[in-house]
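Undergrad: Contents of query-v3.txt (compact mmCIF, C-alpha atoms):
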```
# COMPACT_ATOMS: atom_id res chain seq x y z
CA MET X 205 52.66 -19.42 -91.42
CA LYS X 206 52.62 -19.30 -87.63
CA ARG X 207 56.27 -18.13 -87.50
CA LEU X 208 55.53 -15.51 -90.18
CA ALA X 209 52.63 -14.19 -88.10
CA ILE X 210 54.84 -13.97 -85.02
CA GLY X 211 57.50 -12.13 -87.00
CA LEU X 212 55.02 -9.64 -88.43
CA GLY X 213 53.52 -9.03 -85.01
CA LEU X 214 56.95 -8.43 -83.52
CA ALA X 215 57.90 -6.04 -86.33
CA LEU X 216 54.73 -4.02 -85.82
CA GLY X 217 55.42 -3.94 -82.10
CA LEU X 218 58.94 -2.65 -82.66
CA GLN X 219 57.65 0.14 -84.89
CA THR X 220 55.16 1.07 -82.20
CA LEU X 221 57.96 1.12 -79.63
CA ALA X 222 60.10 3.45 -81.74
CA GLY X 223 57.24 5.89 -82.19
CA ALA X 224 55.39 5.62 -78.88
CA PRO X 225 57.12 3.60 -76.18
CA GLY X 226 54.40 4.38 -73.66
CA ALA X 227 51.77 2.74 -75.82
CA TRP X 228 53.93 -0.35 -76.24
CA ALA X 229 54.50 -0.67 -72.49
CA ALA X 230 50.80 -0.36 -71.83
CA THR X 231 49.77 -3.14 -74.18
CA GLN X 232 52.61 -5.67 -74.37
CA GLN X 233 55.58 -6.92 -72.38
CA SER X 234 58.86 -5.06 -72.74
CA PRO X 235 61.08 -6.01 -75.68
CA LEU X 236 63.74 -7.25 -73.25
CA ALA X 237 61.23 -9.60 -71.67
CA THR X 238 60.10 -10.61 -75.16
CA VAL X 239 63.65 -11.76 -75.90
CA LEU X 240 63.65 -14.01 -72.84
CA ALA X 241 60.29 -15.51 -73.76
CA GLU X 242 61.40 -16.21 -77.33
CA ASP X 243 64.64 -17.76 -76.07
CA GLY X 244 62.65 -20.15 -73.93
CA ARG X 245 60.27 -21.04 -76.75
CA LEU X 246 63.07 -21.83 -79.19
CA ALA X 247 65.18 -23.65 -76.59
CA ALA X 248 62.23 -25.91 -75.80
CA LYS X 249 62.16 -26.85 -79.49
CA HIS X 250 65.94 -27.35 -79.58
CA GLN X 251 66.32 -24.55 -82.15
CA HIS X 252 69.41 -23.01 -80.52
CA PRO X 253 68.46 -19.40 -79.76
CA ILE X 254 71.35 -16.91 -79.83
CA VAL X 255 71.53 -13.43 -78.30
CA VAL X 256 74.37 -11.14 -79.35
CA PHE X 257 75.86 -8.38 -77.17
CA ASP X 258 78.44 -5.75 -78.00
CA LEU X 259 80.81 -4.84 -75.13
CA ASP X 260 82.09 -1.26 -75.19
CA ASP X 261 79.31 1.10 -74.06
CA THR X 262 76.75 -1.68 -74.48
CA LEU X 263 77.59 -4.04 -71.61
CA PHE X 264 80.50 -1.99 -70.23
CA ALA X 265 80.74 1.78 -69.81
CA THR X 266 84.15 2.94 -71.03
CA ALA X 267 84.18 6.37 -69.38
CA ASP X 268 86.55 5.26 -66.62
CA ARG X 269 88.95 3.75 -69.15
CA ASN X 270 89.05 7.06 -71.04
CA LEU X 271 89.39 9.00 -67.81
CA ALA X 272 92.35 6.89 -66.66
CA ILE X 273 94.12 7.49 -69.97
CA ILE X 274 93.45 11.23 -69.88
CA LYS X 275 94.88 11.50 -66.38
CA GLU X 276 97.86 9.37 -67.34
CA TRP X 277 98.59 11.77 -70.22
CA ALA X 278 98.14 14.73 -67.86
CA ALA X 279 100.94 13.26 -65.74
CA THR X 280 103.39 13.43 -68.66
CA PRO X 281 105.53 16.51 -69.39
CA ASP X 282 103.30 17.35 -72.38
CA GLY X 283 100.21 17.24 -70.18
CA ALA X 284 101.69 19.17 -67.28
CA PRO X 285 100.24 22.58 -68.28
CA TYR X 286 96.72 21.09 -68.16
CA ARG X 287 97.19 18.67 -65.29
CA GLN X 288 95.22 20.56 -62.65
CA LYS X 289 92.08 20.82 -64.77
CA LEU X 290 92.28 17.30 -66.15
CA ASP X 291 92.90 15.75 -62.75
CA ALA X 292 89.64 17.34 -61.58
CA LEU X 293 87.58 15.60 -64.28
CA THR X 294 85.04 12.95 -63.25
CA ARG X 295 83.67 10.00 -65.21
CA ASP X 296 80.37 11.82 -65.78
CA GLN X 297 82.22 14.48 -67.76
CA ILE X 298 83.73 12.02 -70.22
CA PRO X 299 81.87 11.75 -73.56
CA TYR X 300 82.54 9.19 -76.28
CA ASP X 301 84.94 11.54 -78.07
CA ILE X 302 87.62 12.79 -75.67
CA ASP X 303 88.76 15.60 -77.99
CA GLY X 304 85.89 17.84 -76.89
CA VAL X 305 86.57 17.52 -73.17
CA LEU X 306 90.29 18.09 -73.71
CA GLU X 307 89.66 21.22 -75.76
CA ALA X 308 87.22 22.48 -73.12
CA ASN X 309 90.02 22.21 -70.57
CA GLY X 310 92.52 24.21 -72.55
CA VAL X 311 94.33 21.58 -74.62
CA PRO X 312 95.00 23.09 -78.08
CA ALA X 313 93.91 21.35 -81.26
CA LYS X 314 97.52 21.07 -82.45
CA ASP X 315 98.22 18.60 -79.63
CA MET X 316 95.31 16.29 -80.46
CA PRO X 317 97.12 13.99 -82.93
CA ALA X 318 99.78 13.17 -80.34
CA ILE X 319 97.15 12.64 -77.65
CA THR X 320 95.12 10.42 -79.97
CA THR X 321 98.18 8.23 -80.53
CA PHE X 322 98.82 8.09 -76.78
CA TRP X 323 95.17 7.15 -76.20
CA ALA X 324 94.97 4.49 -78.92
CA LYS X 325 98.06 2.68 -77.60
CA ARG X 326 96.24 2.21 -74.30
CA PHE X 327 92.50 2.11 -74.97
CA PHE X 328 92.71 -0.95 -77.22
CA THR X 329 94.71 -3.11 -74.81
CA SER X 330 93.89 -5.70 -72.18
CA ASP X 331 95.58 -3.66 -69.48
CA TYR X 332 93.03 -0.84 -69.54
CA VAL X 333 89.71 -2.67 -69.73
CA LYS X 334 90.05 -3.25 -65.99
CA TYR X 335 88.73 0.31 -65.57
CA ASP X 336 85.39 -0.44 -67.27
CA ARG X 337 82.18 -0.73 -65.28
CA PRO X 338 79.12 -2.78 -66.29
CA GLU X 339 76.20 -0.75 -67.55
CA PRO X 340 73.39 -0.73 -64.94
CA GLY X 341 71.33 -3.92 -65.14
CA ALA X 342 73.52 -5.47 -67.82
CA VAL X 343 74.93 -8.33 -65.75
CA ASP X 344 71.52 -9.42 -64.47
CA TYR X 345 69.99 -9.26 -67.93
CA VAL X 346 72.72 -11.27 -69.65
CA ARG X 347 72.45 -13.87 -66.90
CA ALA X 348 68.69 -14.00 -67.49
CA VAL X 349 69.29 -14.49 -71.23
CA LEU X 350 71.57 -17.44 -70.55
CA LYS X 351 69.12 -18.90 -68.04
CA SER X 352 66.31 -18.60 -70.59
CA GLY X 353 68.09 -21.13 -72.79
CA ALA X 354 69.94 -18.92 -75.28
CA GLN X 355 73.58 -18.98 -76.19
CA VAL X 356 75.19 -15.67 -75.24
CA VAL X 357 77.62 -14.26 -77.80
CA TYR X 358 79.82 -11.30 -76.96
CA LEU X 359 80.45 -9.74 -80.37
CA THR X 360 82.94 -6.91 -80.03
CA GLY X 361 85.03 -4.73 -82.29
CA ARG X 362 87.95 -5.13 -79.90
CA PRO X 363 91.01 -6.72 -81.55
CA SER X 364 91.87 -10.32 -80.72
CA SER X 365 94.89 -9.12 -78.75
CA MET X 366 92.45 -7.91 -76.09
CA GLU X 367 91.03 -11.39 -75.48
CA PRO X 368 92.83 -12.03 -72.14
CA GLY X 369 91.78 -8.75 -70.55
CA THR X 370 88.28 -8.96 -71.99
CA ARG X 371 87.77 -12.45 -70.59
CA ALA X 372 89.06 -11.38 -67.19
CA ALA X 373 86.83 -8.28 -67.14
CA LEU X 374 83.72 -10.27 -68.04
CA ILE X 375 84.36 -12.82 -65.31
CA LYS X 376 85.23 -10.19 -62.70
CA ALA X 377 82.05 -8.24 -63.44
CA GLY X 378 79.91 -11.36 -63.09
CA PHE X 379 78.86 -11.78 -66.72
CA PRO X 380 78.30 -15.38 -67.83
CA TRP X 381 81.37 -17.20 -69.10
CA ASP X 382 81.99 -20.65 -70.56
CA SER X 383 85.61 -21.62 -71.07
CA LYS X 384 84.50 -24.27 -73.59
CA GLY X 385 82.61 -21.73 -75.71
CA LYS X 386 79.36 -23.68 -75.81
CA THR X 387 76.83 -21.65 -73.85
CA VAL X 388 78.85 -18.42 -74.05
CA ARG X 389 81.15 -17.27 -76.86
CA LEU X 390 83.48 -14.30 -77.28
CA LEU X 391 84.09 -13.06 -80.83
CA LEU X 392 86.77 -10.41 -81.44
CA LYS X 393 88.23 -8.97 -84.63
CA SER X 394 91.19 -10.86 -86.06
CA GLN X 395 91.89 -7.95 -88.42
CA SER X 396 91.98 -4.72 -86.44
CA HIS X 397 91.69 -2.53 -89.55
CA GLN X 398 88.29 -4.01 -90.48
CA LYS X 399 85.32 -1.72 -89.88
CA ASP X 400 83.22 -2.84 -86.92
CA ALA X 401 79.97 -2.81 -88.89
CA ALA X 402 81.41 -5.04 -91.62
CA PHE X 403 82.89 -7.40 -89.04
CA LYS X 404 79.62 -7.68 -87.13
CA TYR X 405 77.59 -8.17 -90.28
CA GLN X 406 79.74 -11.13 -91.34
CA ALA X 407 79.81 -12.55 -87.82
CA ALA X 408 76.01 -12.38 -87.58
CA LEU X 409 75.66 -14.18 -90.90
CA GLU X 410 77.92 -16.97 -89.62
CA LEU X 411 76.10 -17.18 -86.30
CA ALA X 412 72.77 -17.47 -88.10
CA LYS X 413 74.05 -20.68 -89.70
CA THR X 414 74.39 -22.26 -86.25
CA GLY X 415 71.02 -21.30 -84.76
CA THR X 416 68.42 -18.55 -84.53
CA ILE X 417 69.57 -15.05 -83.63
CA VAL X 418 66.80 -13.86 -81.36
CA ALA X 419 68.28 -10.47 -80.51
CA GLY X 420 71.32 -8.24 -80.91
CA PHE X 421 72.45 -5.31 -78.75
CA ASP X 422 74.84 -2.51 -79.69
CA ASN X 423 75.40 1.20 -78.95
CA GLU X 424 76.53 2.13 -82.47
CA PRO X 425 73.85 2.93 -85.09
CA ALA X 426 76.03 1.55 -87.91
CA ASN X 427 76.45 -1.72 -86.03
CA VAL X 428 72.79 -2.24 -85.17
CA ASN X 429 71.93 -1.54 -88.81
CA ALA X 430 74.46 -4.16 -89.90
CA ILE X 431 73.13 -6.78 -87.47
CA HIS X 432 69.56 -5.99 -88.49
CA LYS X 433 70.53 -6.50 -92.13
CA ALA X 434 72.21 -9.83 -91.37
CA ALA X 435 69.40 -11.06 -89.07
CA PRO X 436 66.21 -9.25 -90.15
CA LYS X 437 63.94 -11.41 -87.99
CA ALA X 438 65.89 -10.69 -84.81
CA LEU X 439 64.90 -8.11 -82.23
CA VAL X 440 67.80 -5.67 -82.65
CA VAL X 441 68.32 -3.14 -79.86
CA TYR X 442 70.13 0.18 -80.17
CA LEU X 443 71.27 0.96 -76.64
CA LYS X 444 71.36 4.73 -76.32
CA THR X 445 74.48 5.31 -74.24
CA VAL X 446 77.27 7.02 -76.23
CA HIS X 447 78.42 6.50 -79.81
CA SER X 448 80.95 7.69 -82.36
CA ALA X 449 80.55 10.97 -84.22
CA ASN X 450 78.37 11.41 -87.31
CA PRO X 451 76.46 8.13 -87.08
CA PRO X 452 73.94 7.02 -89.71
CA ALA X 453 70.25 7.02 -88.87
CA VAL X 454 69.01 3.94 -87.05
CA ASP X 455 67.04 1.79 -89.47
CA PRO X 456 63.26 1.38 -89.03
CA GLY X 457 62.27 -1.66 -86.99
CA ILE X 458 65.21 -1.38 -84.57
CA VAL X 459 64.32 -0.92 -80.90
CA GLN X 460 65.85 2.07 -79.13
CA LEU X 461 66.34 1.67 -75.37
CA ALA X 462 68.13 3.69 -72.72
CA ASN X 463 68.95 0.81 -70.34
CA TYR X 464 68.37 -2.81 -69.36
CA ASP X 465 65.26 -2.19 -67.29
CA TRP X 466 63.18 -5.25 -68.15
CA LYS X 467 61.49 -6.44 -64.94
```
Represent the structure of the file as structure tokens.

TA:
Amino acid sequence: MKRLAIGLGLALGLQTLAGAPGAWAATQQSPLATVLAEDGRLAAKHQHPIVVFDLDDTLFATADRNLAIIKEWAATPDGAPYRQKLDALTRDQIPYDIDGVLEANGVPAKDMPAITTFWAKRFFTSDYVKYDRPEPGAVDYVRAVLKSGAQVVYLTGRPSSMEPGTRAALIKAGFPWDSKGKTVRLLLKSQSHQKDAAFKYQAALELAKTGTIVAGFDNEPANVNAIHKAAPKALVVYLKTVHSANPPAVDPGIVQLANYDWK
């Protein structure tokens, strides 16, 4: 009964946050701080708390990766007519979908399929994740989650072929890492054709068999909905950075945050 009461209180708090974040902040600690407190409570009882983080545009901003690919294409013969404009682009001008920014700089729609192929051959590789930058506050927060007693799980839609570059990028940025996979785990897709939401739903179900999923973080509405469905008692956070086109609505009870400001 005590755990049920805690869960109901948390759910009501999340609904309050979604509708009136100012009221939540005035009466209770931030949801990010709540995660740390719950981690500590469960760790003290040896109940194995788990916190799940997506990578692309959740812990890492991918704008620089996209920008590098755009400029690399601009350096090809096909990109030469648009090179001057594309070389002048900055990371702040790069949205999630690069088609729009290319069209705005004169690239015709007929060239998009070829550019998309060029992009996909690079974006989903270890070689290009070196361009990513951590989202502000992300490194400190993930470190705090680990210190609070939780297992950190990086749950990403990246294919397994990106494991070497992903590991190197995490370590270089200062995110927690455990080569033995005990306190920190990295889960990637073994089947690249699988939809991210389906992959993350199944992964969350499997993780829940090993401990208690306290929280999950993702920038894609479909993914946070899937994690929320798999772990309904968890504090699921939709990080409002960038996302794919035509997303579903974020389900009720999911926290919506702009950043990792928790102190």

Undergrad: Please report, as CSV, each residue of range 234-294 of chain X lying at most 10 Å from range 371-382 of chain X, together with the nearest pair of atoms and the separation in Å rounded to one decimal; use all atoms listed in the file, and order rows by chain and ascending residue number.

TA:
```
residue,atom,partner,partner_atom,distance
X:Leu259,CA,X:Leu374,CA,9.4
X:Leu263,CA,X:Phe379,CA,9.2
X:Phe264,CA,X:Leu374,CA,9.2
```

Undergrad: Counting only C-alpha atoms, which of X:Glu424, X:Glu339, X:Phe328, X:Ile431 gets nearest to Asn450 in chain X?

TA: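 Ranked by minimum distance to Asn450 in chain X, first place goes to X:Glu424.
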
Undergrad: Identify which of the residues X:Tyr286, X:Asp336, X:Gly415, X:Ala348 lies closest to Pro312 in chain X, counting all atoms listed in the file when measuring atom-to-atom distances.

TA: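 With all atoms listed in the file as the atom set, the closest residue is X:Tyr286.
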
Undergrad: Pick out the residues sitting within 12 Å of Thr262 in chain X, and hand them over as an mmCIF file with C-alpha atoms, in the coordinates of the input; count all atoms listed in the file, and ignore anything fewer than 2 positions along from it in its own chain.

TA:
```
data_model
loop_
_atom_site.group_PDB
_atom_site.id
_atom_site.type_symbol
_atom_site.label_atom_id
_atom_site.label_comp_id
_atom_site.auth_asym_id
_atom_site.auth_seq_id
_atom_site.Cartn_x
_atom_site.Cartn_y
_atom_site.Cartn_z
ATOM 1 C CA VAL X 256 74.370 -11.140 -79.350
ATOM 2 C CA PHE X 257 75.860 -8.380 -77.170
ATOM 3 C CA ASP X 258 78.440 -5.750 -78.000
ATOM 4 C CA LEU X 259 80.810 -4.840 -75.130
ATOM 5 C CA ASP X 260 82.090 -1.260 -75.190
ATOM 6 C CA PHE X 264 80.500 -1.990 -70.230
ATOM 7 C CA ALA X 265 80.740 1.780 -69.810
ATOM 8 C CA THR X 266 84.150 2.940 -71.030
ATOM 9 C CA ASP X 336 85.390 -0.440 -67.270
ATOM 10 C CA ARG X 337 82.180 -0.730 -65.280
ATOM 11 C CA PRO X 338 79.120 -2.780 -66.290
ATOM 12 C CA GLU X 339 76.200 -0.750 -67.550
ATOM 13 C CA PRO X 340 73.390 -0.730 -64.940
ATOM 14 C CA GLY X 341 71.330 -3.920 -65.140
ATOM 15 C CA ALA X 342 73.520 -5.470 -67.820
ATOM 16 C CA VAL X 343 74.930 -8.330 -65.750
ATOM 17 C CA VAL X 346 72.720 -11.270 -69.650
ATOM 18 C CA TYR X 358 79.820 -11.300 -76.960
ATOM 19 C CA LEU X 359 80.450 -9.740 -80.370
ATOM 20 C CA THR X 360 82.940 -6.910 -80.030
ATOM 21 C CA GLY X 361 85.030 -4.730 -82.290
ATOM 22 C CA GLY X 420 71.320 -8.240 -80.910
ATOM 23 C CA PHE X 421 72.450 -5.310 -78.750
ATOM 24 C CA ASP X 422 74.840 -2.510 -79.690
ATOM 25 C CA ASN X 423 75.400 1.200 -78.950
ATOM 26 C CA GLU X 424 76.530 2.130 -82.470
ATOM 27 C CA PRO X 425 73.850 2.930 -85.090
ATOM 28 C CA ASN X 427 76.450 -1.720 -86.030
ATOM 29 C CA VAL X 428 72.790 -2.240 -85.170
ATOM 30 C CA VAL X 441 68.320 -3.140 -79.860
ATOM 31 C CA TYR X 442 70.130 0.180 -80.170
ATOM 32 C CA LEU X 443 71.270 0.960 -76.640
ATOM 33 C CA LYS X 444 71.360 4.730 -76.320
ATOM 34 C CA THR X 445 74.480 5.310 -74.240
ATOM 35 C CA VAL X 446 77.270 7.020 -76.230
ATOM 36 C CA HIS X 447 78.420 6.500 -79.810
ATOM 37 C CA LEU X 461 66.340 1.670 -75.370
ATOM 38 C CA ALA X 462 68.130 3.690 -72.720
ATOM 39 C CA ASN X 463 68.950 0.810 -70.340
ATOM 40 C CA TYR X 464 68.370 -2.810 -69.360
#
```

Undergrad: With distances taken over only C-alpha atoms, which residue among X:Pro363, X:Ser330, X:Leu350, X:Val418 lies nearest Lys399 in chain X?

TA: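 Counting only C-alpha atoms, the residue closest to Lys399 in chain X is X:Pro363.
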
Undergrad: Which value, in Å to one decimal, gives the distance between CA of Val333 in chain X and CA of Met366 in chain X?

TA: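 According to the coordinates, CA of Val333 in chain X and CA of Met366 in chain X are separated by 8.7 Å.
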
Undergrad: Find the distance between CA of Ala308 in chain X and CA of Pro281 in chain X and write it in Å to one decimal.

TA: 19.6 Å

Undergrad: Would you mind reading off the distance between CA of Asp296 in chain X and CA of Asp261 in chain X, one decimal, in Å?

TA: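 Computed distance, CA of Asp296 in chain X to CA of Asp261 in chain X, equals 13.6 Å.
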
Undergrad: Counting all atoms listed in the file, find residues at most 12 Å from (85.2, 15.3, -70.7) (file frame) and give them as a ChimeraX atom specification.

TA: /X:267-268,270-275,289-311

Undergrad: Looking at X:Ala426, X:Ala419, X:Ala284, X:Ala434, which one is nearest to Ala449 in chain X, with distances taken over only C-alpha atoms?

TA: X:Ala426

Undergrad: For each of X:Tyr335, X:Phe403, X:Phe327, X:Tyr345, take the minimum atom-to-atom distance to Trp466 in chain X, counting all atoms listed in the file, then give the residue where this is smallest.

TA: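 Checking each of X:Tyr335, X:Phe403, X:Phe327, X:Tyr345 against Trp466 in chain X, counting all atoms listed in the file, the winner is X:Tyr345.
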
Undergrad: Could you check which of X:Lys404, X:Arg389, X:Arg362, X:Lys384 is closest to Lys433 in chain X, using only C-alpha atoms?

TA: X:Lys404

Undergrad: Give me, as a list in words, all polymer residues having an atom no more than 7 Å from His252 in chain X, counting only C-alpha atoms and skipping those fewer than 2 positions away in the same chain.

TA: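 Returned residues: Leu246, Ala247, His250, Ile254, Ala354, Gly415 and Thr416 of chain X.
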